[in-house]
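Structure data follow from target_1.txt (compact mmCIF, C-alpha atoms and all ligand atoms):
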# COMPACT_ATOMS: atom_id res chain seq x y z
CA MET M 1 146.03 33.26 184.10
CA SER M 2 147.21 36.69 185.17
CA VAL M 3 148.70 39.20 182.75
CA ASP M 4 151.34 41.61 184.04
CA PHE M 5 151.94 44.46 181.61
CA ASP M 6 154.89 46.86 181.54
CA LEU M 7 153.79 50.24 180.25
CA VAL M 8 155.87 52.77 178.34
CA LEU M 9 154.11 56.14 178.46
CA VAL M 10 155.03 58.48 175.63
CA GLY M 11 153.26 61.75 176.40
CA PHE M 12 152.47 62.62 180.00
CA GLY M 13 149.91 65.40 179.98
CA ASN M 14 146.29 65.62 181.18
CA VAL M 15 145.19 62.24 179.80
CA ALA M 16 148.25 60.20 180.79
CA ARG M 17 148.28 61.59 184.33
CA ARG M 18 144.59 60.75 184.76
CA PHE M 19 145.30 57.29 183.31
CA VAL M 20 148.02 56.66 185.91
CA ASP M 21 145.63 57.66 188.70
CA LEU M 22 142.85 55.52 187.22
CA LEU M 23 145.15 52.49 187.04
CA HIS M 24 145.84 52.99 190.72
CA GLU M 25 142.15 53.47 191.60
CA GLN M 26 141.10 50.38 189.60
CA ARG M 27 144.09 48.23 190.57
CA ALA M 28 142.10 45.86 192.80
CA ALA M 29 139.26 45.45 190.24
CA LEU M 30 141.72 44.87 187.39
CA ALA M 31 143.52 42.15 189.35
CA ARG M 32 140.40 40.54 190.79
CA ASP M 33 138.12 40.57 187.75
CA PHE M 34 140.59 40.41 184.85
CA GLY M 35 143.89 39.16 186.30
CA VAL M 36 145.55 42.30 184.91
CA SER M 37 148.33 44.27 186.58
CA ALA M 38 150.37 47.10 185.10
CA ASN M 39 153.74 48.54 185.99
CA ILE M 40 154.99 51.80 184.46
CA VAL M 41 158.56 51.24 183.23
CA ALA M 42 159.17 54.40 181.21
CA ILE M 43 157.79 57.89 180.66
CA ALA M 44 158.89 60.24 177.88
CA THR M 45 157.76 63.70 176.86
CA ARG M 46 159.42 66.54 174.98
CA HIS M 47 160.85 67.85 178.24
CA GLY M 48 161.81 64.81 180.23
CA ARG M 49 162.22 61.07 180.27
CA ILE M 50 162.75 58.31 182.76
CA ALA M 51 163.05 54.51 182.42
CA SER M 52 163.75 51.44 184.50
CA PRO M 53 162.77 47.82 183.78
CA ARG M 54 161.84 47.49 187.46
CA GLY M 55 159.37 50.37 187.28
CA VAL M 56 159.39 54.15 187.64
CA ASP M 57 157.55 56.50 189.95
CA ALA M 58 155.32 58.80 187.92
CA ARG M 59 155.27 61.34 190.74
CA SER M 60 159.04 61.62 190.82
CA PHE M 61 158.93 62.10 187.04
CA GLU M 62 156.56 65.01 187.56
CA ARG M 63 159.14 66.65 189.78
CA ALA M 64 162.07 65.78 187.54
CA ARG M 65 160.53 67.14 184.36
CA THR M 66 160.05 70.59 185.85
CA ASP M 67 163.83 71.01 186.08
CA THR M 68 164.50 68.71 183.09
CA ALA M 69 166.83 66.63 185.30
CA ALA M 70 165.58 63.50 183.53
CA GLY M 71 166.97 64.75 180.21
CA THR M 72 165.42 66.05 177.02
CA GLY M 73 165.61 65.17 173.35
CA ASP M 74 163.83 63.31 170.60
CA THR M 75 161.25 60.83 171.95
CA ARG M 76 161.68 58.71 168.79
CA ARG M 77 165.33 58.06 169.55
CA PHE M 78 164.58 57.52 173.23
CA LEU M 79 161.95 54.90 172.34
CA ARG M 80 164.19 53.16 169.80
CA ASP M 81 167.07 52.94 172.31
CA LEU M 82 164.72 51.78 175.07
CA LEU M 83 163.20 49.02 172.93
CA ALA M 84 166.69 47.81 171.97
CA ARG M 85 167.63 47.24 175.62
CA GLU M 86 167.38 43.54 176.36
CA ALA M 87 165.32 43.96 179.54
CA PHE M 88 162.57 45.77 177.58
CA ALA M 89 162.97 43.75 174.36
CA ARG M 90 162.43 40.53 176.33
CA ARG M 91 159.16 41.85 177.74
CA ALA M 92 158.09 42.93 174.24
CA ARG M 93 158.82 39.47 172.83
CA ALA M 94 156.70 38.00 175.62
CA GLY M 95 153.77 40.25 174.62
CA ARG M 96 153.94 42.06 177.95
CA LEU M 97 155.17 45.47 176.84
CA VAL M 98 152.58 48.13 175.92
CA LEU M 99 153.20 51.58 174.46
CA VAL M 100 150.66 54.09 175.80
CA GLU M 101 150.82 56.93 173.28
CA THR M 102 149.26 60.22 174.40
CA THR M 103 151.27 62.90 172.68
CA THR M 104 149.59 65.86 171.06
CA LEU M 105 147.94 65.46 167.67
CA ASP M 106 150.01 67.00 164.90
CA ILE M 107 147.42 67.67 162.24
CA ARG M 108 150.02 68.10 159.49
CA ASP M 109 151.01 64.43 159.32
CA GLY M 110 150.30 62.66 162.63
CA ARG M 111 153.98 62.54 163.54
CA PRO M 112 155.85 61.75 165.72
CA ALA M 113 153.02 59.60 167.12
CA ILE M 114 153.00 57.35 164.04
CA ASP M 115 156.75 56.78 164.43
CA HIS M 116 156.28 55.92 168.11
CA VAL M 117 153.60 53.35 167.19
CA ARG M 118 155.72 51.84 164.39
CA ALA M 119 158.78 51.51 166.62
CA ALA M 120 156.73 49.80 169.34
CA LEU M 121 155.02 47.34 166.98
CA ALA M 122 158.33 46.56 165.26
CA ALA M 123 159.79 45.62 168.65
CA GLY M 124 156.81 43.40 169.47
CA ALA M 125 155.02 45.75 171.87
CA HIS M 126 151.26 46.32 171.85
CA VAL M 127 150.00 49.88 171.40
CA VAL M 128 147.12 51.77 172.95
CA THR M 129 146.61 55.43 172.13
CA ALA M 130 144.19 58.29 172.71
CA ASN M 131 145.96 60.25 169.98
CA LYS M 132 143.90 60.40 166.77
CA GLY M 133 146.99 60.85 164.59
CA PRO M 134 148.09 57.24 164.05
CA ALA M 135 144.67 55.89 163.00
CA ALA M 136 143.70 59.10 161.19
CA PHE M 137 146.83 59.11 159.03
CA ALA M 138 148.08 55.53 158.93
CA TYR M 139 145.38 53.11 160.09
CA ALA M 140 145.82 50.60 157.27
CA SER M 141 149.59 50.24 157.54
CA LEU M 142 149.70 50.25 161.35
CA SER M 143 146.90 47.73 161.75
CA ALA M 144 148.53 45.47 159.13
CA MET M 145 151.83 45.77 160.96
CA ALA M 146 150.16 44.86 164.26
CA ARG M 147 148.42 41.90 162.64
CA ARG M 148 151.69 40.59 161.21
CA ALA M 149 153.39 40.96 164.59
CA GLY M 150 150.50 39.32 166.45
CA ARG M 151 150.06 42.47 168.51
CA ARG M 152 147.20 44.91 169.08
CA PHE M 153 146.99 48.51 167.90
CA LEU M 154 144.01 49.98 169.79
CA PHE M 155 142.73 53.56 169.83
CA GLU M 156 139.31 53.53 171.51
CA GLY M 157 140.05 56.94 173.08
CA ALA M 158 140.54 58.60 169.71
CA VAL M 159 136.77 59.08 169.21
CA MET M 160 134.22 59.77 171.97
CA ASP M 161 136.69 59.03 174.78
CA GLY M 162 135.94 55.80 176.61
CA ILE M 163 132.57 55.12 174.97
CA PRO M 164 133.05 51.92 172.97
CA ILE M 165 132.85 52.39 169.22
CA PHE M 166 135.69 50.36 167.71
CA ASN M 167 135.57 47.67 170.40
CA LEU M 168 131.76 47.61 170.07
CA VAL M 169 131.90 47.00 166.33
CA HIS M 170 134.85 44.63 166.27
CA GLU M 171 134.11 42.61 169.39
CA THR M 172 130.30 42.50 169.51
CA LEU M 173 128.92 42.87 165.98
CA PRO M 174 130.18 39.82 164.06
CA THR M 175 129.36 39.91 160.30
CA VAL M 176 127.66 43.30 160.60
CA ARG M 177 128.93 45.77 157.99
CA VAL M 178 129.07 49.46 158.85
CA THR M 179 128.06 51.36 155.73
CA GLY M 180 128.20 54.95 156.99
CA PHE M 181 128.17 57.20 160.04
CA HIS M 182 127.14 60.64 161.19
CA GLY M 183 127.40 62.37 164.52
CA VAL M 184 128.66 65.10 166.79
CA VAL M 185 132.08 64.05 168.06
CA ASN M 186 133.81 67.21 169.26
CA ALA M 187 132.91 68.13 172.85
CA THR M 188 134.54 71.57 172.77
CA THR M 189 132.61 72.89 169.76
CA ASN M 190 129.31 71.41 170.96
CA TYR M 191 129.86 73.14 174.30
CA ILE M 192 130.68 76.43 172.58
CA LEU M 193 127.62 76.18 170.29
CA THR M 194 125.22 75.47 173.16
CA GLU M 195 126.73 78.23 175.33
CA MET M 196 126.45 80.70 172.42
CA GLU M 197 122.74 79.81 172.15
CA GLN M 198 122.46 81.06 175.75
CA GLY M 199 124.23 84.32 174.88
CA ARG M 200 127.74 83.50 176.13
CA SER M 201 130.55 84.78 173.92
CA PHE M 202 132.60 82.38 171.81
CA ALA M 203 135.82 83.41 173.63
CA ASP M 204 134.39 82.85 177.14
CA ALA M 205 132.99 79.41 176.23
CA LEU M 206 136.34 78.35 174.74
CA ALA M 207 138.22 79.60 177.81
CA ILE M 208 136.09 77.30 180.02
CA MET M 209 136.94 74.27 177.86
CA GLN M 210 140.64 75.15 177.98
CA ALA M 211 140.56 75.53 181.76
CA GLU M 212 139.01 72.07 182.08
CA GLY M 213 141.68 70.46 179.86
CA ILE M 214 139.01 69.41 177.33
CA ALA M 215 139.99 71.72 174.47
CA GLU M 216 143.01 70.65 172.43
CA ALA M 217 146.34 72.22 173.39
CA ASP M 218 145.97 74.26 170.19
CA PRO M 219 142.27 75.32 170.33
CA SER M 220 142.14 76.05 166.61
CA LEU M 221 142.23 72.27 166.15
CA ASP M 222 138.74 72.14 167.70
CA VAL M 223 137.34 75.41 166.43
CA ASP M 224 138.43 75.01 162.80
CA GLY M 225 137.02 71.48 162.62
CA TRP M 226 140.39 69.72 162.43
CA ASP M 227 139.76 67.55 165.49
CA ALA M 228 136.41 66.47 164.02
CA ALA M 229 138.07 65.86 160.63
CA ALA M 230 140.71 63.66 162.31
CA LYS M 231 137.94 61.69 164.03
CA ALA M 232 136.03 61.37 160.77
CA SER M 233 139.19 60.01 159.18
CA VAL M 234 139.67 57.48 162.02
CA LEU M 235 136.04 56.36 161.68
CA ALA M 236 136.21 56.08 157.89
CA ASN M 237 139.52 54.20 157.99
CA ALA M 238 138.66 51.80 160.81
CA LEU M 239 134.96 51.19 160.10
CA LEU M 240 134.57 51.70 156.34
CA GLY M 241 137.98 50.51 155.15
CA ALA M 242 139.03 53.92 153.79
CA ARG M 243 142.64 54.99 153.37
CA MET M 244 142.22 58.68 154.02
CA THR M 245 143.84 61.35 156.14
CA PRO M 246 142.15 64.34 157.83
CA HIS M 247 143.22 66.41 154.81
CA ASP M 248 140.88 64.35 152.61
CA VAL M 249 137.88 65.25 154.80
CA GLU M 250 135.72 68.17 153.61
CA ARG M 251 135.89 70.55 156.54
CA GLU M 252 134.04 73.53 158.02
CA GLY M 253 134.58 75.02 161.48
CA LEU M 254 133.12 77.73 163.70
CA ASN M 255 133.70 81.24 162.37
CA ASP M 256 132.58 84.84 162.82
CA ARG M 257 129.25 84.12 161.09
CA THR M 258 128.36 81.29 163.48
CA ALA M 259 126.59 83.47 166.10
CA ALA M 260 124.23 84.91 163.44
CA ARG M 261 123.59 81.42 162.09
CA ILE M 262 122.72 80.12 165.57
CA ALA M 263 120.25 83.00 166.06
CA ALA M 264 118.62 82.45 162.64
CA ALA M 265 118.29 78.71 163.25
CA ALA M 266 116.77 79.32 166.70
CA ARG M 267 114.05 81.49 165.15
CA ASP M 268 113.00 78.42 163.10
CA GLY M 269 113.19 76.13 166.15
CA ARG M 270 116.40 74.55 164.86
CA ARG M 271 119.85 74.06 166.40
CA VAL M 272 123.27 74.38 164.77
CA LYS M 273 125.61 71.41 165.28
CA LEU M 274 129.05 70.53 163.93
CA VAL M 275 128.27 67.23 162.24
CA VAL M 276 130.75 64.65 160.94
CA SER M 277 129.57 62.16 158.37
CA GLY M 278 131.00 59.45 156.17
CA GLY M 279 129.86 56.89 153.67
CA ARG M 280 130.19 55.64 150.10
CA THR M 281 129.28 57.63 147.04
CA PRO M 282 127.18 55.86 144.36
CA ARG M 283 130.50 55.16 142.57
CA GLY M 284 131.82 53.38 145.67
CA ARG M 285 134.26 56.07 146.82
CA ILE M 286 134.44 56.70 150.55
CA ARG M 287 133.88 60.31 151.52
CA ALA M 288 133.88 62.07 154.89
CA ARG M 289 132.82 65.56 155.84
CA VAL M 290 132.66 67.99 158.79
CA ALA M 291 130.03 70.71 158.44
CA LEU M 292 127.81 73.01 160.48
CA GLU M 293 124.23 71.82 160.02
CA ASP M 294 120.89 73.37 161.11
CA LEU M 295 118.99 70.44 162.57
CA PRO M 296 115.30 70.18 163.45
CA ALA M 297 114.64 70.01 167.19
CA ASN M 298 113.52 66.37 167.03
CA ASP M 299 116.81 65.17 165.51
CA LEU M 300 118.80 63.07 167.99
CA LEU M 301 121.92 65.17 167.36
CA ALA M 302 120.01 68.42 167.97
CA GLY M 303 119.26 67.27 171.52
CA LEU M 304 122.95 67.16 172.52
CA GLU M 305 123.77 69.73 175.20
CA GLY M 306 127.15 71.02 176.36
CA GLN M 307 129.93 68.47 175.96
CA GLN M 308 127.61 65.64 174.91
CA ASN M 309 128.47 63.66 171.78
CA ALA M 310 126.66 61.07 169.70
CA LEU M 311 127.48 58.85 166.77
CA ILE M 312 125.00 57.04 164.55
CA LEU M 313 126.32 54.04 162.64
CA ASP M 314 124.48 52.86 159.53
CA THR M 315 124.73 49.09 159.30
CA ASP M 316 123.48 46.44 156.88
CA LEU M 317 121.97 44.02 159.40
CA LEU M 318 120.96 46.20 162.35
CA GLY M 319 119.96 49.45 160.66
CA GLU M 320 120.99 52.55 162.59
CA ILE M 321 122.84 52.15 165.90
CA ALA M 322 123.05 55.33 167.98
CA ILE M 323 125.77 55.72 170.59
CA VAL M 324 125.29 58.69 172.91
CA GLN M 325 127.88 60.08 175.29
CA ARG M 326 126.35 62.19 178.03
CA GLY M 327 129.47 62.61 180.15
CA SER M 328 132.89 63.39 178.76
CA GLY M 329 136.18 64.40 180.29
CA LEU M 330 139.61 63.20 181.22
CA THR M 331 138.36 60.20 183.20
CA GLN M 332 136.47 58.93 180.16
CA THR M 333 139.53 59.31 177.92
CA ALA M 334 141.78 57.67 180.50
CA TYR M 335 139.22 54.87 180.77
CA ALA M 336 139.55 54.23 177.02
CA LEU M 337 143.24 53.42 177.55
CA LEU M 338 142.38 51.18 180.48
CA SER M 339 139.68 49.33 178.53
CA ASP M 340 142.10 48.82 175.62
CA LEU M 341 144.59 47.31 178.06
CA VAL M 342 141.97 44.83 179.22
CA ALA M 343 141.11 44.08 175.56
CA ILE M 344 144.78 43.22 174.96
CA SER M 345 144.85 40.95 178.00
CA ARG M 346 141.79 39.11 176.67
CA SER M 347 143.27 38.54 173.22
CA ASP M 348 146.55 37.55 174.85
CA ARG M 349 144.82 34.86 176.87
CA ASP M 350 143.18 33.51 173.71
CA ARG M 351 146.52 32.93 172.02
CA PRO M 352 149.41 30.59 172.72
CA PRO M 353 152.63 32.40 173.72
CA VAL M 354 154.80 32.18 170.61
CA ARG M 355 157.33 34.60 169.11
CA PRO M 356 155.77 37.81 167.68
CA ARG M 357 156.53 37.26 164.00
CA ALA M 358 154.98 33.80 164.01
CA ARG M 359 151.80 34.90 165.75
CA ARG M 360 148.45 35.78 164.27
CA GLY M 361 146.13 38.30 165.87
CA ARG M 362 143.16 40.50 165.28
CA THR M 363 143.23 44.24 165.30
CA PRO M 364 140.40 46.58 164.49
N1 LIG L 401 142.14 65.95 176.78
C1 LIG L 401 141.13 65.19 176.36
O1 LIG L 401 140.03 65.23 176.91
C2 LIG L 401 141.34 64.23 175.20
C3 LIG L 401 140.25 63.46 174.77
C4 LIG L 401 140.46 62.53 173.75
C5 LIG L 401 141.70 62.42 173.15
N2 LIG L 401 142.73 63.23 173.58
C6 LIG L 401 144.02 63.09 172.93
O2 LIG L 401 144.94 62.55 173.87
C7 LIG L 401 146.24 63.08 173.62
C8 LIG L 401 146.77 63.70 174.92
O3 LIG L 401 145.93 64.75 175.32
P1 LIG L 401 146.31 65.61 176.61
O4 LIG L 401 145.10 66.41 176.93
O5 LIG L 401 146.91 64.74 177.66
O6 LIG L 401 147.46 66.57 176.01
P2 LIG L 401 148.52 67.43 176.82
O7 LIG L 401 148.06 67.66 178.22
O8 LIG L 401 148.84 68.61 175.96
O9 LIG L 401 149.80 66.49 176.91
C9 LIG L 401 150.50 66.09 175.77
C10 LIG L 401 151.76 65.34 176.18
O10 LIG L 401 152.43 64.95 174.99
C11 LIG L 401 153.78 65.38 175.04
N3 LIG L 401 154.20 65.72 173.68
C12 LIG L 401 153.65 66.61 172.85
N4 LIG L 401 154.29 66.61 171.67
C13 LIG L 401 155.28 65.69 171.77
C14 LIG L 401 156.29 65.24 170.91
N5 LIG L 401 156.44 65.76 169.70
N6 LIG L 401 157.12 64.27 171.36
C15 LIG L 401 156.99 63.76 172.59
N7 LIG L 401 156.05 64.15 173.47
C16 LIG L 401 155.22 65.11 173.07
C17 LIG L 401 153.78 66.59 175.95
O11 LIG L 401 155.08 66.74 176.47
P3 LIG L 401 155.59 68.09 177.19
O12 LIG L 401 154.66 68.28 178.35
O13 LIG L 401 156.98 67.78 177.59
O14 LIG L 401 155.46 69.16 176.16
C18 LIG L 401 152.75 66.17 176.99
O15 LIG L 401 153.36 65.34 177.96
C19 LIG L 401 146.12 64.08 172.47
O16 LIG L 401 146.49 63.46 171.27
C20 LIG L 401 144.64 64.41 172.46
O17 LIG L 401 144.16 64.75 171.17
C21 LIG L 401 142.58 64.12 174.59

Since I need it in another form, could you write the structure as structure tokens?
Amino acid sequence: MSVDFDLVLVGFGNVARRFVDLLHEQRAALARDFGVSANIVAIATRHGRIASPRGVDARSFERARTDTAAGTGDTRRFLRDLLAREAFARRARAGRLVLVETTTLDIRDGRPAIDHVRAALAAGAHVVTANKGPAAFAYASLSAMARRAGRRFLFEGAVMDGIPIFNLVHETLPTVRVTGFHGVVNATTNYILTEMEQGRSFADALAIMQAEGIAEADPSLDVDGWDAAAKASVLANALLGARMTPHDVEREGLNDRTAARIAAAARDGRRVKLVVSGGRTPRGRIRARVALEDLPANDLLAGLEGQQNALILDTDLLGEIAIVQRGSGLTQTAYALLSDLVAISRSDRDRPPVRPRARRGRTP
């Protein structure tokens, strides 16, 4: 059985543009190996929007948005109006409409991304997102909403790009309980720390990450540890069953004392890493933290160079599972969205086509 998705892209920056190209590059493999095809039916950003049930041309949107000919305004209202149009609502009811949410993380409250996700799920659309906000701030309510609607709310790209973490745990580790985690999950700060070890200035290393589109639009999100805190919150919510936000995560970032700390650690043969961790306290409370740590050279996390990331999951049945990401970038993040789309097509095939409210489904 083939699955033909209509995609509504909210956010059309570095990640979404790479995703559109990747869909094109992988079109034959998606159709041949998974029976999946995807048609972009709407794109919305702060500065432009375009929609047609028959499909839109992302390249023409690129041109239109530069002169705002496609219109501007609130993406929430745009999405609500779009989902109310019968042509789109029908596709949502059929489980064939997918919101691809790639707007910028707003670290204050995760909005408007959370509102985009809610509107889509309420209309019966599936959601895939690379934005950490929805799962970092509202995982429990959004995943419950998706479950009730028989739809998927997937966010593999929120942590370590396309490297499977959530799909790994939920799809391949039945009955295993994750009891804690620790790792290095912010590529920009790991790159800056390793470049500073070589004598490069903090500012120069950050400028390289910004030029490559890896650093967040607001670099203080990376440098001050907010991006890592958002990821810690996503991990704690999705894997440990917490109900926290990034503001509940103890947080430390890079600061003007970091260079001296790197030099002092190096004299002892140690390396400074920005480490996220999470687990239960003896009283059963779930806690998460982001902190600079001096690690011995033989620690797995100490061996991470440049943009490399790693996450170690503590589990009850399998002990520690280490997931290492040696290559990161836009392709990996775009791939996360693509792999989530395939995950939706698989769960779709497993279920009979009934109306959203009557359906049962699994979400991470
Ligand atoms: N870049 C990476 O390597 C990477 C890796 C993992 C996860 N992510 C996450 O993926 C998401 C996208 O990243 P990106 O690099 O593509 O960002 P980006 O290049 O800055 O693009 C962000 C897009 O979101 C739109 N947008 C921002 N705020 C909005 C709002 N309030 N309402 C509607 N649209 C809004 C922007 O519209 P305008 O252009 O009109 O302003 C733009 O199209 C972010 O949440 C990021 O944290 C990125």

Shortest interatomic distance to Gln26 (chain M) - which of M:Tyr335, M:Ile114, M:Lys273, M:Ala263, counting all atoms listed in the file: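 Among M:Tyr335, M:Ile114, M:Lys273, M:Ala263, it is M:Tyr335 that comes nearest to Gln26 (chain M).
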
Residues of chain M at most 6 Å from ligand LIG 401 (chain L): nearest atom pair and distance in Å, all atoms listed in the file, as CSV:
residue,atom,partner,partner_atom,distance
M:Gly11,CA,L:LIG401,O10,3.6
M:Phe12,CA,L:LIG401,O15,3.5
M:Gly13,CA,L:LIG401,O9,3.3
M:Asn14,CA,L:LIG401,O5,3.7
M:Val15,CA,L:LIG401,O5,3.7
M:Ala16,CA,L:LIG401,O5,5.7
M:Thr45,CA,L:LIG401,N7,3.8
M:Arg46,CA,L:LIG401,O13,3.8
M:His47,CA,L:LIG401,O13,3.9
M:Thr75,CA,L:LIG401,C15,5.2
M:Thr102,CA,L:LIG401,C7,4.2
M:Thr103,CA,L:LIG401,O10,3.3
M:Thr104,CA,L:LIG401,O16,3.9
M:Leu105,CA,L:LIG401,O16,4.4
M:Pro112,CA,L:LIG401,N5,5.7
M:Ala130,CA,L:LIG401,O2,4.5
M:Asn131,CA,L:LIG401,O16,3.5
M:Gly157,CA,L:LIG401,C4,5.6
M:Ala158,CA,L:LIG401,C5,5.3
M:Asp161,CA,L:LIG401,C4,5.2
M:Gly213,CA,L:LIG401,N1,5.5
M:Ile214,CA,L:LIG401,O1,4.3
M:Ala217,CA,L:LIG401,O8,5.1
M:Gly329,CA,L:LIG401,O1,5.2
M:Leu330,CA,L:LIG401,O1,4.8
M:Thr333,CA,L:LIG401,C3,5.3

Exercise: Leu341 (chain M) partners within 10 Å, only C-alpha atoms, chain neighbours under 3 positions left out, as a count of residues only: 19

Atom-to-atom span, CA of Val275 (chain M) and CA of Thr315 (chain M), Å: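 CA of Thr315 (chain M) lies 18.7 Å from CA of Val275 (chain M).
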
Interatomic distance, CA of Ala211 (chain M) to CA of Leu304 (chain M) (Å, one decimal):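 Answer for the CA of Ala211 (chain M) to CA of Leu304 (chain M) separation: 21.6 Å.
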
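Taking CA of Val159 (chain M) as the reference point, CA of Asp4 (chain M) is found at 27.2 Å.
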
Which residue of M:Val234, M:Ala334, M:Val20, M:Ile163 approaches Val249 (chain M) most closely, using all atoms listed in the file: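 Checking each of M:Val234, M:Ala334, M:Val20, M:Ile163 against Val249 (chain M), counting all atoms listed in the file, the winner is M:Val234.
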